[in-house]
Amino acid sequence: MGRILCVVNQKGGVGKTTTAVNLAAALSIAEQSCLLLDMDPQCNATSSLGQEPTNGHALVSDVSIAESIVQTRQPGLSLLPGSRTFQDIDLLATSDDQQSMRVRKHLDSVLEQYDFVLIDCPPSVGELTQTALAASTEVLMPIQCEYFAMEGLTQLIKTIRKVIVATDGRLTFGGILLTMYDPGLELTREVDQEVREFFGDIVFESVVPRDVSLSEAPSHGKSVFQYAPRSRGAFAYTQLCMEVLQRD
């Protein structure tokens with residue numbers, strides 16, 4: 001069975017969608033069959049890969065999600081597009097057992113076809129994120145190297161632990177990723193030290209630097225590997241991909 005990585009942080013602007021898109025692309029380049037699932041109502045992961053949001057999210061339908069999966073410009077990378085339809089968002093955000101089981105059933109139906117499924121979640125710890133966590137096997141948390149990096153993480157970790165208990169240990173901590181990393185700034189080094197001292201070995205050695213290529217690539221509907229394959233951002237997500245594969 002494939003690994004389901006839930007990319008989550010309660011704050012926006014920390015590189016969550018950038019990480020979901022480019023880690024998925026890196027895994028596909030490493031010859032891992034990969035599905036990126038967009039559960040963020042903003043649908044940024046969908047548009048980042050040059051696709052359009054759907055009128056109805058496949059995860060809340062009674063039809064097999066295989067019919068809604070599209071192939072992206074990145075060979076080996078498939079996408080389940082997001083939806084901005086309020087009714088679908090409300091249904092996905094319902095945290096009752098019936099809805100959570102429906103989402104998990106949909107994912108389990110295609111897991112045999114993929115080595116990895118990555119879920120891009122909304123920037124919150126609300127019901128929609130909890131539904132995604134309940135359907136996942138691992139959590140990946142991007143943390144921006146800024147003054148308030150640790151703020152709010154206590155609530156997020158409590159939510160994750162609650163889901164771990166509810167899923168009988170199916171969900172585990174996959175890793176924490178430091179993003180927007182600038183080694184020339186003292187603040188970056190302080191955040192790096194604080195996060196690693198607090199979380200220990202679950203923090204990835206790889207860090208994602210500030211790189212304009214990572215910001216520009218989505219406007220072209222491409223991953224950083226297609227837009228700027230020799231950039232620092234592409235190198236960083238290649239390193240992260242290697243770590244993720246080693247942690248299997």
# chains A, B, ... in the order shown; residues from 1 in each chain; ligands from 1
>>> select_by_dssp(residues="region 5-178 of chain A", states="helix (DSSP H, G or I)", output="PyMOL selection string")
chain A and resi 16-29+44-48+58-60+65-67+86-92+97-111+127-134+153-166
>>> write_last_selection(atoms="C-alpha atoms", output="short mmCIF file (atom, residue, chain, number, x, y, z; two decimals), in the first residue's frame")
data_model
loop_
_atom_site.label_atom_id
_atom_site.label_comp_id
_atom_site.auth_asym_id
_atom_site.auth_seq_id
_atom_site.Cartn_x
_atom_site.Cartn_y
_atom_site.Cartn_z
CA LYS A 16 2.71 24.38 2.20
CA THR A 17 1.39 24.20 -1.35
CA THR A 18 4.86 24.82 -2.79
CA THR A 19 6.07 21.80 -0.84
CA ALA A 20 3.15 19.58 -1.80
CA VAL A 21 3.55 20.38 -5.51
CA ASN A 22 7.33 20.18 -5.76
CA LEU A 23 7.82 17.18 -3.49
CA ALA A 24 5.21 15.35 -5.58
CA ALA A 25 7.08 16.37 -8.74
CA ALA A 26 10.42 15.27 -7.26
CA LEU A 27 8.99 11.87 -6.30
CA SER A 28 7.67 11.37 -9.83
CA ILE A 29 11.10 12.25 -11.25
CA ASN A 44 -3.57 26.64 -5.54
CA ALA A 45 -2.03 23.19 -6.03
CA THR A 46 -4.38 22.63 -8.96
CA SER A 47 -3.54 25.93 -10.68
CA SER A 48 0.18 25.52 -9.88
CA ALA A 58 -14.47 13.82 -6.48
CA LEU A 59 -13.98 12.94 -2.81
CA VAL A 60 -17.60 13.75 -1.95
CA ILE A 65 -12.18 9.12 -8.06
CA ALA A 66 -10.15 7.39 -10.79
CA GLU A 67 -12.48 9.04 -13.30
CA PHE A 86 -19.05 25.75 -1.11
CA GLN A 87 -21.28 22.66 -0.83
CA ASP A 88 -18.33 20.36 -1.52
CA ILE A 89 -16.16 22.23 0.96
CA ASP A 90 -18.84 21.84 3.64
CA LEU A 91 -19.16 18.12 2.93
CA LEU A 92 -15.39 17.59 3.02
CA ASP A 97 -17.14 9.04 10.85
CA GLN A 98 -19.24 8.48 7.75
CA GLN A 99 -17.58 11.28 5.78
CA SER A 100 -14.08 10.39 7.00
CA MET A 101 -14.63 6.77 5.98
CA ARG A 102 -15.87 7.88 2.55
CA VAL A 103 -12.70 9.91 1.96
CA ARG A 104 -10.50 7.05 3.17
CA LYS A 105 -12.40 4.56 1.02
CA HIS A 106 -11.89 6.75 -2.05
CA LEU A 107 -8.16 7.00 -1.34
CA ASP A 108 -7.76 3.31 -0.58
CA SER A 109 -9.41 2.51 -3.92
CA VAL A 110 -6.49 4.03 -5.84
CA LEU A 111 -3.59 3.43 -3.43
CA GLU A 127 -12.58 20.01 10.18
CA LEU A 128 -11.34 19.85 6.58
CA THR A 129 -7.75 19.38 7.73
CA GLN A 130 -8.82 16.78 10.29
CA THR A 131 -10.63 14.82 7.58
CA ALA A 132 -7.44 14.84 5.49
CA LEU A 133 -5.34 13.74 8.47
CA ALA A 134 -7.71 10.86 9.22
CA LEU A 153 2.00 24.63 16.56
CA THR A 154 0.83 23.38 19.96
CA GLN A 155 -2.78 23.38 18.76
CA LEU A 156 -1.82 21.67 15.51
CA ILE A 157 0.14 18.96 17.30
CA LYS A 158 -2.79 18.35 19.66
CA THR A 159 -5.05 17.90 16.64
CA ILE A 160 -2.60 15.49 15.02
CA ARG A 161 -2.28 13.45 18.22
CA LYS A 162 -6.06 13.24 18.52
CA VAL A 163 -6.26 11.85 14.99
CA ILE A 164 -3.42 9.40 15.67
CA VAL A 165 -5.41 7.99 18.59
CA ALA A 166 -8.66 7.93 16.60
#
>>> select_by_dssp(residues="region 9-207 of chain A", states="strand (DSSP E)", output="PyMOL selection string")
chain A and resi 34-38+70-71+77-80+116-120+138-144+172-181+203-207
>>> residues_around(residues="Gln226 (chain A)", least_positions_apart="6", cutoff="10 Å", atoms="only C-alpha atoms", output="PDB file with N, CA and C atoms, in the first residue's frame")
ATOM      1  N   ALA A  25       6.358  16.376  -7.467  1.00  0.00           N
ATOM      2  CA  ALA A  25       7.082  16.371  -8.740  1.00  0.00           C
ATOM      3  C   ALA A  25       8.423  15.650  -8.599  1.00  0.00           C
ATOM      4  N   ARG A  73       1.617  18.010 -16.566  1.00  0.00           N
ATOM      5  CA  ARG A  73       2.740  18.144 -17.498  1.00  0.00           C
ATOM      6  C   ARG A  73       3.978  17.418 -16.994  1.00  0.00           C
ATOM      7  N   GLN A  74       3.985  17.111 -15.707  1.00  0.00           N
ATOM      8  CA  GLN A  74       5.126  16.406 -15.116  1.00  0.00           C
ATOM      9  C   GLN A  74       4.901  14.905 -15.294  1.00  0.00           C
ATOM     10  N   ALA A 217       7.329  29.777 -10.571  1.00  0.00           N
ATOM     11  CA  ALA A 217       6.910  28.562 -11.278  1.00  0.00           C
ATOM     12  C   ALA A 217       5.394  28.377 -11.342  1.00  0.00           C
ATOM     13  N   HIS A 220       3.366  29.877 -14.162  1.00  0.00           N
ATOM     14  CA  HIS A 220       3.562  29.245 -15.466  1.00  0.00           C
ATOM     15  C   HIS A 220       2.913  27.861 -15.520  1.00  0.00           C
ATOM     16  N   ALA A 234      14.886  23.768  -6.760  1.00  0.00           N
ATOM     17  CA  ALA A 234      14.828  22.420  -7.333  1.00  0.00           C
ATOM     18  C   ALA A 234      15.782  21.485  -6.593  1.00  0.00           C
TER      19      ALA A 234
END
>>> residues_around(residues="Leu171 (chain A)", least_positions_apart="3", cutoff="7 Å", atoms="only C-alpha atoms", output="mmCIF file with N, CA and C atoms, in the first residue's frame")
data_model
loop_
_atom_site.group_PDB
_atom_site.id
_atom_site.type_symbol
_atom_site.label_atom_id
_atom_site.label_comp_id
_atom_site.auth_asym_id
_atom_site.auth_seq_id
_atom_site.Cartn_x
_atom_site.Cartn_y
_atom_site.Cartn_z
ATOM 1 N N SER A 136 -4.857 9.904 6.073
ATOM 2 C CA SER A 136 -3.428 9.846 5.732
ATOM 3 C C SER A 136 -2.667 8.848 6.583
ATOM 4 N N THR A 137 -1.437 8.584 6.167
ATOM 5 C CA THR A 137 -0.549 7.727 6.958
ATOM 6 C C THR A 137 0.583 8.525 7.594
ATOM 7 N N GLU A 138 0.886 9.725 7.034
ATOM 8 C CA GLU A 138 1.978 10.535 7.566
ATOM 9 C C GLU A 138 1.635 12.019 7.492
ATOM 10 N N ILE A 164 -4.231 10.612 15.535
ATOM 11 C CA ILE A 164 -3.419 9.400 15.673
ATOM 12 C C ILE A 164 -4.125 8.384 16.569
ATOM 13 N N THR A 167 -7.264 6.958 14.825
ATOM 14 C CA THR A 167 -7.007 6.058 13.701
ATOM 15 C C THR A 167 -6.163 4.858 14.114
#
>>> closest_residue(among="A:Thr54, A:Ser83, A:Gln42, A:Gln10", to="Gln144 (chain A)", atoms="only C-alpha atoms")
A:Gln10
>>> closest_residue(among="A:Ser206, A:Ser124, A:Ser61, A:Asn55", to="Ile176 (chain A)", atoms="only C-alpha atoms")
A:Ser206
